[in-house]
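Student: input12.txt is reproduced in full below (compact mmCIF, C-alpha atoms).
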```txt
# COMPACT_ATOMS: atom_id res chain seq x y z
CA MET H 24 10.16 21.15 11.62
CA ARG H 25 7.66 21.65 8.82
CA VAL H 26 8.03 20.11 5.42
CA GLN H 27 6.46 21.59 2.30
CA PHE H 28 4.86 19.30 -0.25
CA ILE H 29 5.92 20.39 -3.73
CA GLN H 30 4.09 19.39 -6.89
CA THR H 31 6.63 17.49 -9.01
CA SER H 32 4.82 15.75 -11.85
CA TYR H 33 1.53 14.39 -13.13
CA GLY H 34 0.34 10.89 -13.78
CA GLY H 35 2.19 7.76 -12.84
CA VAL H 36 1.05 4.33 -11.73
CA LEU H 37 -2.06 4.03 -9.57
CA ARG H 38 -2.06 1.01 -7.27
CA HIS H 39 -4.78 -0.82 -5.38
CA THR H 40 -3.92 -3.65 -2.99
CA LEU H 41 -6.39 -6.29 -1.87
CA VAL H 42 -5.76 -6.35 1.87
CA ALA H 43 -8.97 -7.92 3.19
CA LEU H 44 -8.45 -11.34 1.63
CA PRO H 45 -11.01 -14.15 1.27
CA HIS H 46 -10.66 -17.13 3.60
CA ASP H 47 -8.24 -18.89 1.25
CA GLY H 48 -6.22 -15.80 0.35
CA ALA H 49 -7.51 -15.81 -3.24
CA ARG H 50 -6.94 -12.71 -5.33
CA TRP H 51 -8.77 -11.26 -8.31
CA SER H 52 -10.75 -13.56 -10.57
CA SER H 53 -9.57 -13.46 -14.16
CA SER H 54 -13.11 -13.36 -15.56
CA PRO H 55 -14.33 -10.71 -15.70
CA SER H 56 -10.94 -9.00 -15.76
CA PRO H 57 -10.27 -6.25 -13.18
CA SER H 58 -10.79 -2.72 -14.51
CA CYS H 59 -10.54 0.91 -13.42
CA ILE H 60 -12.31 4.14 -14.39
CA LEU H 61 -10.95 7.59 -13.47
CA TYR H 62 -13.33 10.43 -12.58
CA GLY H 63 -12.77 14.14 -11.96
CA LYS H 64 -14.01 16.03 -8.89
CA GLY H 65 -17.20 16.99 -10.74
CA GLY H 66 -17.98 13.38 -11.54
CA GLY H 67 -16.95 13.57 -15.19
CA GLN H 68 -15.10 10.59 -16.60
CA LEU H 69 -11.43 11.38 -17.18
CA LYS H 70 -10.29 8.05 -18.52
CA ALA H 71 -12.47 5.28 -19.91
CA SER H 72 -12.70 1.88 -18.27
CA THR H 73 -9.26 0.40 -18.64
CA LEU H 74 -8.03 -3.11 -18.01
CA ALA H 75 -5.98 -2.97 -14.82
CA SER H 76 -2.81 -5.05 -14.83
CA THR H 77 -2.20 -7.39 -11.92
CA GLY H 78 0.98 -8.03 -10.02
CA PRO H 79 3.09 -11.13 -10.76
CA SER H 80 1.89 -14.69 -10.11
CA THR H 81 3.76 -18.01 -10.32
CA ILE H 82 4.06 -21.38 -8.53
CA LEU H 83 6.69 -23.13 -6.42
CA SER H 84 9.06 -25.25 -8.52
CA THR H 85 9.76 -27.51 -5.51
CA ALA H 86 8.23 -27.85 -2.06
CA ALA H 87 9.09 -25.31 0.68
CA SER H 88 9.32 -26.36 4.32
CA ALA H 89 8.23 -24.44 7.40
CA GLY H 90 11.07 -22.19 8.55
CA ALA H 91 12.48 -21.77 5.04
CA SER H 92 14.04 -18.41 4.19
CA SER H 93 13.79 -18.74 0.41
CA LEU H 94 11.23 -19.85 -2.16
CA PRO H 95 12.14 -21.81 -5.33
CA MET H 96 9.76 -20.50 -7.99
CA LEU H 97 8.98 -21.45 -11.55
CA ALA H 98 9.32 -17.80 -12.63
CA SER H 99 10.50 -14.78 -10.66
CA SER H 100 10.28 -12.04 -13.28
CA ASP H 101 8.41 -8.92 -12.10
CA PHE H 102 8.84 -9.85 -8.43
CA GLU H 103 10.56 -7.03 -6.57
CA ARG H 104 12.68 -6.78 -3.45
CA PHE H 105 10.84 -5.60 -0.30
CA GLU H 106 7.40 -6.02 -1.91
CA ASP H 107 4.70 -8.07 -0.16
CA TYR H 108 3.39 -11.30 -1.69
CA LYS H 109 1.11 -14.14 -0.67
CA ILE H 110 1.88 -17.86 -0.76
CA GLY H 111 -0.79 -20.57 -0.48
CA PRO H 112 -3.08 -22.19 0.17
CA ASN H 113 -1.36 -25.49 0.94
CA ALA H 114 -3.11 -28.86 1.37
CA ALA H 115 -4.22 -27.78 4.85
CA GLY H 116 -5.71 -24.53 3.52
CA GLN H 117 -2.98 -22.37 5.08
CA TRP H 118 -1.51 -19.26 3.47
CA GLU H 119 0.57 -16.30 4.59
CA TRP H 120 2.13 -13.00 3.59
CA PHE H 121 5.86 -12.68 3.06
CA THR H 122 8.22 -9.90 2.03
CA ALA H 123 10.69 -10.62 -0.76
CA ASP H 124 14.33 -9.96 0.07
CA LYS H 125 16.63 -10.91 -2.78
CA VAL H 126 15.16 -11.84 -6.16
CA SER H 127 17.04 -14.25 -8.43
CA THR H 128 16.29 -16.30 -11.54
CA GLY H 129 15.37 -19.38 -9.51
CA GLY H 130 13.18 -17.71 -6.90
CA VAL H 131 13.23 -15.21 -4.05
CA GLY H 132 14.74 -14.92 -0.61
CA ILE H 133 12.34 -13.75 2.10
CA LEU H 134 12.62 -11.62 5.21
CA GLY H 135 12.11 -13.86 8.20
CA ASN H 136 10.97 -17.47 7.73
CA LEU H 137 7.91 -19.29 6.45
CA GLN H 138 5.39 -20.19 9.12
CA ASN H 139 3.97 -23.16 7.19
CA ALA H 140 5.09 -25.81 4.70
CA TYR H 141 3.92 -25.65 1.06
CA GLU H 142 3.78 -28.32 -1.64
CA VAL H 143 5.26 -28.04 -5.13
CA SER H 144 3.05 -25.95 -7.47
CA THR H 145 1.63 -23.85 -4.60
CA THR H 146 0.69 -20.38 -5.87
CA VAL H 147 2.90 -17.38 -5.11
CA GLU H 148 1.39 -14.04 -6.14
CA SER H 149 0.96 -10.32 -5.69
CA HIS H 150 -2.34 -8.79 -4.64
CA ASP H 151 -1.85 -5.49 -6.48
CA LEU H 152 -3.89 -3.93 -9.27
CA LEU H 153 -1.98 -1.38 -11.34
CA LEU H 154 -3.09 1.33 -13.77
CA ARG H 155 -0.67 3.60 -15.60
CA VAL H 156 -1.80 7.20 -16.16
CA SER H 157 0.20 9.36 -18.55
CA SER H 158 0.82 13.06 -17.96
CA GLY H 159 -0.72 13.84 -21.34
CA GLU H 160 -4.04 12.33 -20.33
CA LEU H 161 -4.53 14.20 -17.07
CA SER H 162 -2.10 17.09 -17.00
CA THR H 163 -4.82 19.68 -16.25
CA VAL H 164 -6.44 17.76 -13.38
CA THR H 165 -4.55 18.00 -10.11
CA ARG H 166 -6.88 17.13 -7.24
CA ASP H 167 -10.13 15.57 -6.04
CA CYS H 168 -10.00 12.77 -8.57
CA ARG H 169 -11.30 9.25 -8.02
CA ALA H 170 -10.14 5.84 -9.20
CA THR H 171 -12.95 3.27 -9.23
CA TRP H 172 -11.64 -0.30 -9.28
CA SER H 173 -13.94 -3.19 -10.23
CA TYR H 174 -13.05 -6.84 -9.61
CA THR H 175 -14.38 -10.15 -8.30
CA VAL H 176 -13.01 -12.50 -5.65
CA ALA H 177 -13.97 -15.97 -4.47
CA GLY H 178 -16.71 -16.13 -1.86
CA PRO H 179 -16.68 -18.18 1.36
CA ALA H 180 -16.58 -21.98 1.38
CA PRO H 181 -18.14 -24.30 0.46
CA GLU H 182 -19.81 -22.63 -2.53
CA LYS H 183 -17.08 -20.03 -3.19
CA ALA H 184 -19.47 -18.13 -5.43
CA PRO H 185 -17.79 -15.05 -6.98
CA ILE H 186 -18.32 -11.78 -5.10
CA GLU H 187 -18.19 -8.56 -7.11
CA ARG H 188 -16.43 -5.62 -5.51
CA ARG H 189 -16.29 -1.97 -6.50
CA VAL H 190 -13.79 0.17 -4.59
CA SER H 191 -13.35 3.90 -5.10
CA ASP H 192 -10.06 5.50 -4.06
CA VAL H 193 -9.60 9.27 -3.84
CA PHE H 194 -6.31 10.33 -5.37
CA HIS H 195 -4.47 13.38 -6.67
CA VAL H 196 -2.94 13.29 -10.10
CA ALA H 197 -0.26 15.76 -9.01
CA LYS H 198 2.61 14.05 -7.21
CA TYR H 199 4.25 15.61 -4.19
CA ALA H 200 7.80 15.44 -2.86
CA PRO H 201 7.72 15.27 0.95
CA ARG H 202 10.48 14.32 3.34
CA TYR H 203 10.68 12.19 6.43
CA SER H 204 13.44 11.88 9.04
CA LEU H 205 12.87 8.39 10.42
CA THR H 206 16.17 6.50 10.73
CA GLU H 207 17.13 2.88 11.35
CA ALA H 208 18.21 3.77 14.91
CA GLU H 209 14.83 5.35 15.68
CA VAL H 210 12.99 2.32 14.28
CA LEU H 211 14.99 -0.02 16.52
CA GLN H 212 14.44 2.24 19.52
CA GLU H 213 10.66 2.27 19.02
CA ILE H 214 10.33 -1.32 17.75
CA PRO H 215 13.05 -3.48 19.38
CA ALA H 216 11.57 -6.65 17.85
CA ALA H 217 12.82 -5.43 14.47
CA ARG H 218 16.34 -6.49 15.54
CA GLN H 219 15.32 -10.14 15.47
CA LEU H 220 13.53 -10.06 12.12
CA ILE H 221 15.73 -7.56 10.26
CA ASN H 222 19.21 -7.34 11.72
CA ASP H 223 20.49 -5.14 8.92
CA ALA H 224 20.50 -1.32 8.91
CA GLN H 225 20.34 -1.03 5.12
CA ARG H 226 17.36 -3.36 4.94
CA ILE H 227 15.47 -1.36 7.58
CA ASP H 228 16.14 1.91 5.77
CA LEU H 229 14.95 0.41 2.47
CA ILE H 230 11.80 -1.03 4.04
CA VAL H 231 11.01 2.33 5.66
CA LYS H 232 11.44 3.99 2.27
CA ARG H 233 9.21 1.39 0.64
CA LEU H 234 6.47 1.78 3.27
CA TRP H 235 6.67 5.54 2.82
CA HIS H 236 6.20 5.47 -0.94
CA ARG H 237 3.76 2.57 -1.05
CA ARG H 238 1.59 3.09 2.05
CA VAL H 239 2.00 6.37 3.93
CA LEU H 240 2.73 8.93 1.23
CA PRO H 241 -0.32 8.03 -0.92
CA ASP H 242 -2.56 8.48 2.15
CA ILE H 243 -1.00 11.83 3.07
CA ALA H 244 -1.15 13.01 -0.54
CA LYS H 245 -4.95 12.60 -0.47
CA LEU H 246 -5.04 15.42 2.09
CA MET H 247 -2.46 17.70 0.50
CA ARG H 248 -2.61 20.57 -1.96
CA PRO H 249 0.29 22.58 -3.38
CA GLY H 250 1.20 25.14 -0.75
CA ALA H 251 0.09 23.09 2.25
CA VAL H 252 2.64 21.81 4.74
CA VAL H 253 2.79 19.00 7.27
CA SER H 254 5.19 18.31 10.14
CA GLY H 255 8.02 15.84 9.73
CA GLU H 256 7.11 14.46 13.16
CA ASP H 257 3.65 13.55 11.89
CA CYS H 258 5.19 11.79 8.89
CA ASP H 259 7.49 9.78 11.16
CA GLU H 260 4.63 8.81 13.51
CA LEU H 261 2.61 7.44 10.60
CA LEU H 262 5.64 5.59 9.26
CA LEU H 263 6.28 3.94 12.63
CA LEU H 264 2.68 2.76 12.85
CA ALA H 265 2.91 1.38 9.31
CA PHE H 266 6.18 -0.37 10.20
CA GLN H 267 4.69 -1.89 13.36
CA ARG H 268 1.74 -3.26 11.38
CA TRP H 269 4.15 -4.65 8.80
CA MET H 270 6.08 -6.40 11.59
CA VAL H 271 2.93 -7.96 13.05
CA LEU H 272 1.89 -9.36 9.67
CA ARG H 273 5.38 -10.84 9.17
CA LYS H 274 5.11 -12.97 12.32
CA PRO H 275 1.54 -14.28 12.47
CA GLY H 276 0.37 -15.92 15.66
CA GLU H 277 -2.23 -15.69 18.37
CA GLY H 278 -3.65 -12.17 18.48
CA ALA H 279 -1.73 -11.00 15.39
CA THR H 280 -4.89 -10.13 13.44
CA VAL H 281 -6.35 -8.17 16.35
CA ARG H 282 -3.06 -6.33 16.88
CA ALA H 283 -2.84 -5.46 13.17
CA GLU H 284 -6.39 -4.07 13.26
CA MET H 285 -5.57 -2.01 16.35
CA LEU H 286 -2.53 -0.53 14.59
CA SER H 287 -4.69 0.24 11.54
CA ASP H 288 -7.10 2.11 13.82
CA GLU H 289 -4.23 4.06 15.41
CA TYR H 290 -2.97 4.90 11.92
CA ARG H 291 -6.39 6.25 10.89
CA VAL H 292 -6.62 8.36 14.05
CA ALA H 293 -3.14 9.80 13.41
CA MET H 294 -4.11 10.58 9.81
CA ASP H 295 -7.24 12.43 11.01
CA GLU H 296 -5.12 14.45 13.43
CA LEU H 297 -2.73 15.32 10.61
CA ARG H 298 -5.67 16.43 8.47
CA ASN H 299 -6.69 18.90 11.16
CA THR H 300 -3.23 20.45 11.54
CA LEU H 301 -2.57 21.44 7.93
CA LEU H 302 -1.52 25.06 7.60
CA ASP H 303 -2.93 27.81 5.38
CA LEU H 304 0.34 29.26 4.14
CA ASP H 305 -0.91 32.44 2.47
CA GLU H 306 -3.75 33.02 5.01
CA SER H 307 -6.35 33.08 2.25
CA GLY H 308 -8.70 31.07 4.39
CA GLY H 309 -8.38 28.14 2.03
CA THR H 310 -10.15 29.99 -0.79
CA ASP H 311 -7.23 29.92 -3.21
CA ASP H 312 -7.35 27.30 -5.97
CA THR H 313 -4.22 25.67 -4.61
CA GLU H 314 -5.74 25.06 -1.18
CA ILE H 315 -8.66 23.26 0.39
CA PRO H 316 -11.72 25.54 0.03
CA ARG H 317 -14.13 26.31 2.82
CA GLY H 318 -17.07 23.95 2.98
CA SER H 319 -15.21 21.08 1.32
CA ALA H 320 -15.42 17.53 2.62
CA THR H 321 -11.97 17.97 4.13
CA PRO H 322 -11.89 20.17 7.28
CA ARG H 323 -10.82 23.73 6.56
CA LEU H 324 -7.17 24.58 6.93
CA LEU H 325 -6.00 26.07 10.18
CA ARG H 326 -4.10 29.33 10.13
CA GLY H 327 -0.48 29.03 11.20
```
So, in terms of structure tokens, how does the structure I just supplied come out?

Tutor:
Amino acid sequence: MRVQFIQTSYGGVLRHTLVALPHDGARWSSSPSPSCILYGKGGGQLKASTLASTGPSTILSTAASAGASSLPMLASSDFERFEDYKIGPNAAGQWEWFTADKVSTGGVGILGNLQNAYEVSTTVESHDLLLRVSSGELSTVTRDCRATWSYTVAGPAPEKAPIERRVSDVFHVAKYAPRYSLTEAEVLQEIPAARQLINDAQRIDLIVKRLWHRRVLPDIAKLMRPGAVVSGEDCDELLLLAFQRWMVLRKPGEGATVRAEMLSDEYRVAMDELRNTLLDLDESGGTDDTEIPRGSATPRLLRG
């Protein structure tokens, strides 16, 4: 089965997630504030340096014990179900990722259980930077754009001197509408451990959907142009790898970091293989404006 990617709209919210965290899990420093500049494929500036909004941040209203399945928080506004957040550090310097389940006025439920105990007033926060781009600003630019994020994080102990980071993400302003066929039954068949952590078909389907829109689709969209197609099987393979990595990070333990890195490597290899199997629908050799041209940084399209 082959699925066509159709251009649906322009603009939207660009997102950058700090995955490689400092030793204490700290996120962006507030001074200087995180920012983002958008550039076109020719290097011209499309949108001036803009203050990037950060995901929600709050503190625990009461202490949370190891094994807890919910977090009492001072404020839960802007937290979303099935999004990833970080809690910590505690007095022992421990912190961990968790995935929100149900969000209520007094806090959030979590998928699985906490691995560590946390004192009252421990920080609970998102590690996302967000930038909204309107269709009016960029409606004529559809590909080979770049979002350059600038921010600082805390350095290693004991000095913890601020470290400046500048990350440039390739993105396409045009959004695409792909499809995937991965089902809850297929997830459980490939990843039996999911039964213990998420024994709920609806939850699994929603998490798969979330991983698709937040992790896999943005990566695939970097390779796509209107008119190109990609196999549904490739989409499902990437989704399964993303789900496996998500599972590993939910249950930290000995070897978890190494396993997560291995899955990230497998994901990158699968993405490279997908890049090399894109089809040239109209057999123009990739010379049409809607396709990847010959000699571009991306390997030329293969004829189907």

Student: Would you mind reading off the distance between atom CA of Arg282 of chain H and atom CA of Gly90 of chain H, one decimal, in Å?

Tutor: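 Between atom CA of Arg282 of chain H and atom CA of Gly90 of chain H the gap works out to 22.8 Å.
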
Student: Write out as a CSV table (one decimal) with C-alpha atoms, in the coordinates of the input each polymer residue whose atoms come within 12 Å of segment 220-222 of chain H, counting all atoms listed in the file; drop sequence neighbours fewer than 5 positions from it.

Tutor:
```
chain,number,residue,atom,x,y,z
H,92,SER,CA,14.0,-18.4,4.2
H,105,PHE,CA,10.8,-5.6,-0.3
H,122,THR,CA,8.2,-9.9,2.0
H,124,ASP,CA,14.3,-10.0,0.1
H,133,ILE,CA,12.3,-13.8,2.1
H,134,LEU,CA,12.6,-11.6,5.2
H,135,GLY,CA,12.1,-13.9,8.2
H,136,ASN,CA,11.0,-17.5,7.7
H,207,GLU,CA,17.1,2.9,11.4
H,208,ALA,CA,18.2,3.8,14.9
H,210,VAL,CA,13.0,2.3,14.3
H,211,LEU,CA,15.0,0.0,16.5
H,214,ILE,CA,10.3,-1.3,17.8
H,215,PRO,CA,13.0,-3.5,19.4
H,227,ILE,CA,15.5,-1.4,7.6
H,228,ASP,CA,16.1,1.9,5.8
H,229,LEU,CA,15.0,0.4,2.5
H,230,ILE,CA,11.8,-1.0,4.0
H,231,VAL,CA,11.0,2.3,5.7
H,266,PHE,CA,6.2,-0.4,10.2
H,269,TRP,CA,4.2,-4.6,8.8
H,270,MET,CA,6.1,-6.4,11.6
H,271,VAL,CA,2.9,-8.0,13.0
H,272,LEU,CA,1.9,-9.4,9.7
H,273,ARG,CA,5.4,-10.8,9.2
H,274,LYS,CA,5.1,-13.0,12.3
```

Student: May I ask for the distance between atom CA of His46 of chain H and atom CA of Gly178 of chain H, given in Å to one decimal place?

Tutor: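 Separation of atom CA of His46 of chain H and atom CA of Gly178 of chain H: 8.2 Å.
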
Student: Counting all atoms listed in the file, which residue out of H:Ser144, H:Ser53, H:Thr175, H:Gln267 sits closest to Ala217 of chain H?

Tutor: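 The answer is H:Gln267, which sits nearest to Ala217 of chain H.
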
Student: Segment 110-184 of chain H near segment 66-76 of chain H within 6 Å: what's each residue's closest atom pair and its distance in Å to one decimal, counting all atoms listed in the file, ordered by chain then ascending residue number, as JSON lines?

Tutor:
```
{"residue": "H:Leu152", "atom": "CA", "partner": "H:Ser76", "partner_atom": "CA", "distance": 5.8}
{"residue": "H:Leu153", "atom": "CA", "partner": "H:Ser76", "partner_atom": "CA", "distance": 5.1}
{"residue": "H:Leu154", "atom": "CA", "partner": "H:Ala75", "partner_atom": "CA", "distance": 5.3}
```

Student: What gap, in Å, lies between atom CA of Glu148 of chain H and atom CA of Gly48 of chain H?

Tutor: 10.2 Å

Student: Measuring atom to atom with all atoms listed in the file, identify which of H:Arg226, H:Lys245, H:Lys64, H:Arg50 is nearest to Val176 of chain H.

Tutor: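 Among the listed residues, the smallest separation from Val176 of chain H belongs to H:Arg50.
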
Student: Just the residues within 8 Å of Phe121 of chain H, please, counting all atoms listed in the file, with nothing from its chain fewer than 2 positions along; format it as a VMD selection string.

Tutor: chain H and resid 107 to 110 119 123 133 to 134 137 273

Student: Skip Arg188 of chain H itself and residues of its chain fewer than 5 positions away, then list as a PyMOL selection string all residues within 10 Å of it, counting all atoms listed in the file.

Tutor: chain H and resi 51+57+172-176

Student: Taking all atoms listed in the file into account, name the residue in H:Ala224, H:Val147, H:Leu41, H:Val193 that is nearest to Thr81 of chain H.

Tutor: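 Closest candidate: H:Val147.
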
Student: When distances are computed from all atoms listed in the file, which of H:Arg38, H:Gly63, H:Val281, H:Ala49 shows the smallest separation from Lys183 of chain H?

Tutor: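 Closest to Lys183 of chain H, using all atoms listed in the file: H:Ala49.
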
Student: Which residue, H:Ser127, H:Thr145, H:Cys168, H:Tyr203, has the smallest gap to Glu256 of chain H when you use only C-alpha atoms?

Tutor: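 With only C-alpha atoms as the atom set, the closest residue is H:Tyr203.
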
Student: Which is closest to Arg104 of chain H among H:His39, H:His150, H:Arg233, H:Arg202, if we use only C-alpha atoms?

Tutor: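 Counting only C-alpha atoms, the residue closest to Arg104 of chain H is H:Arg233.
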
Student: Show me the residues close to (4.1, -27.2, -3.0) - anything with an atom within 9 Å, counting all atoms listed in the file - and format the list as a list of chain:residue names.

Tutor: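 Applying the cut-off with all atoms listed in the file, one gets H:Ile82, H:Leu83, H:Ser84, H:Thr85, H:Ala86, H:Ala87, H:Gly111, H:Asn113, H:Ala114, H:Ala140, H:Tyr141, H:Glu142, H:Val143, H:Ser144, H:Thr145, H:Thr146.
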
Student: Just C-alpha atoms for this one: save the residues we selected as a PDB file, in the frame of the given file.

Tutor:
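Below you can see out.pdb, which holds the result:
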```
ATOM      1  CA  ILE H  82       4.060 -21.380  -8.530  1.00  0.00           C
ATOM      2  CA  LEU H  83       6.690 -23.130  -6.420  1.00  0.00           C
ATOM      3  CA  SER H  84       9.060 -25.250  -8.520  1.00  0.00           C
ATOM      4  CA  THR H  85       9.760 -27.510  -5.510  1.00  0.00           C
ATOM      5  CA  ALA H  86       8.230 -27.850  -2.060  1.00  0.00           C
ATOM      6  CA  ALA H  87       9.090 -25.310   0.680  1.00  0.00           C
ATOM      7  CA  GLY H 111      -0.790 -20.570  -0.480  1.00  0.00           C
ATOM      8  CA  ASN H 113      -1.360 -25.490   0.940  1.00  0.00           C
ATOM      9  CA  ALA H 114      -3.110 -28.860   1.370  1.00  0.00           C
ATOM     10  CA  ALA H 140       5.090 -25.810   4.700  1.00  0.00           C
ATOM     11  CA  TYR H 141       3.920 -25.650   1.060  1.00  0.00           C
ATOM     12  CA  GLU H 142       3.780 -28.320  -1.640  1.00  0.00           C
ATOM     13  CA  VAL H 143       5.260 -28.040  -5.130  1.00  0.00           C
ATOM     14  CA  SER H 144       3.050 -25.950  -7.470  1.00  0.00           C
ATOM     15  CA  THR H 145       1.630 -23.850  -4.600  1.00  0.00           C
ATOM     16  CA  THR H 146       0.690 -20.380  -5.870  1.00  0.00           C
TER      17      THR H 146
END
```

Student: Could you work out an axis-aligned bounding box for all listed atoms of segment 170-176 of chain H, with 3 Å added on each of the six sides, and give its centre and edge lengths in Å to one decimal, as lines of an AutoDock Vina configuration file?

Tutor:
```
center_x = -12.3
center_y = -3.3
center_z = -7.9
size_x = 10.2
size_y = 24.3
size_z = 10.6
```
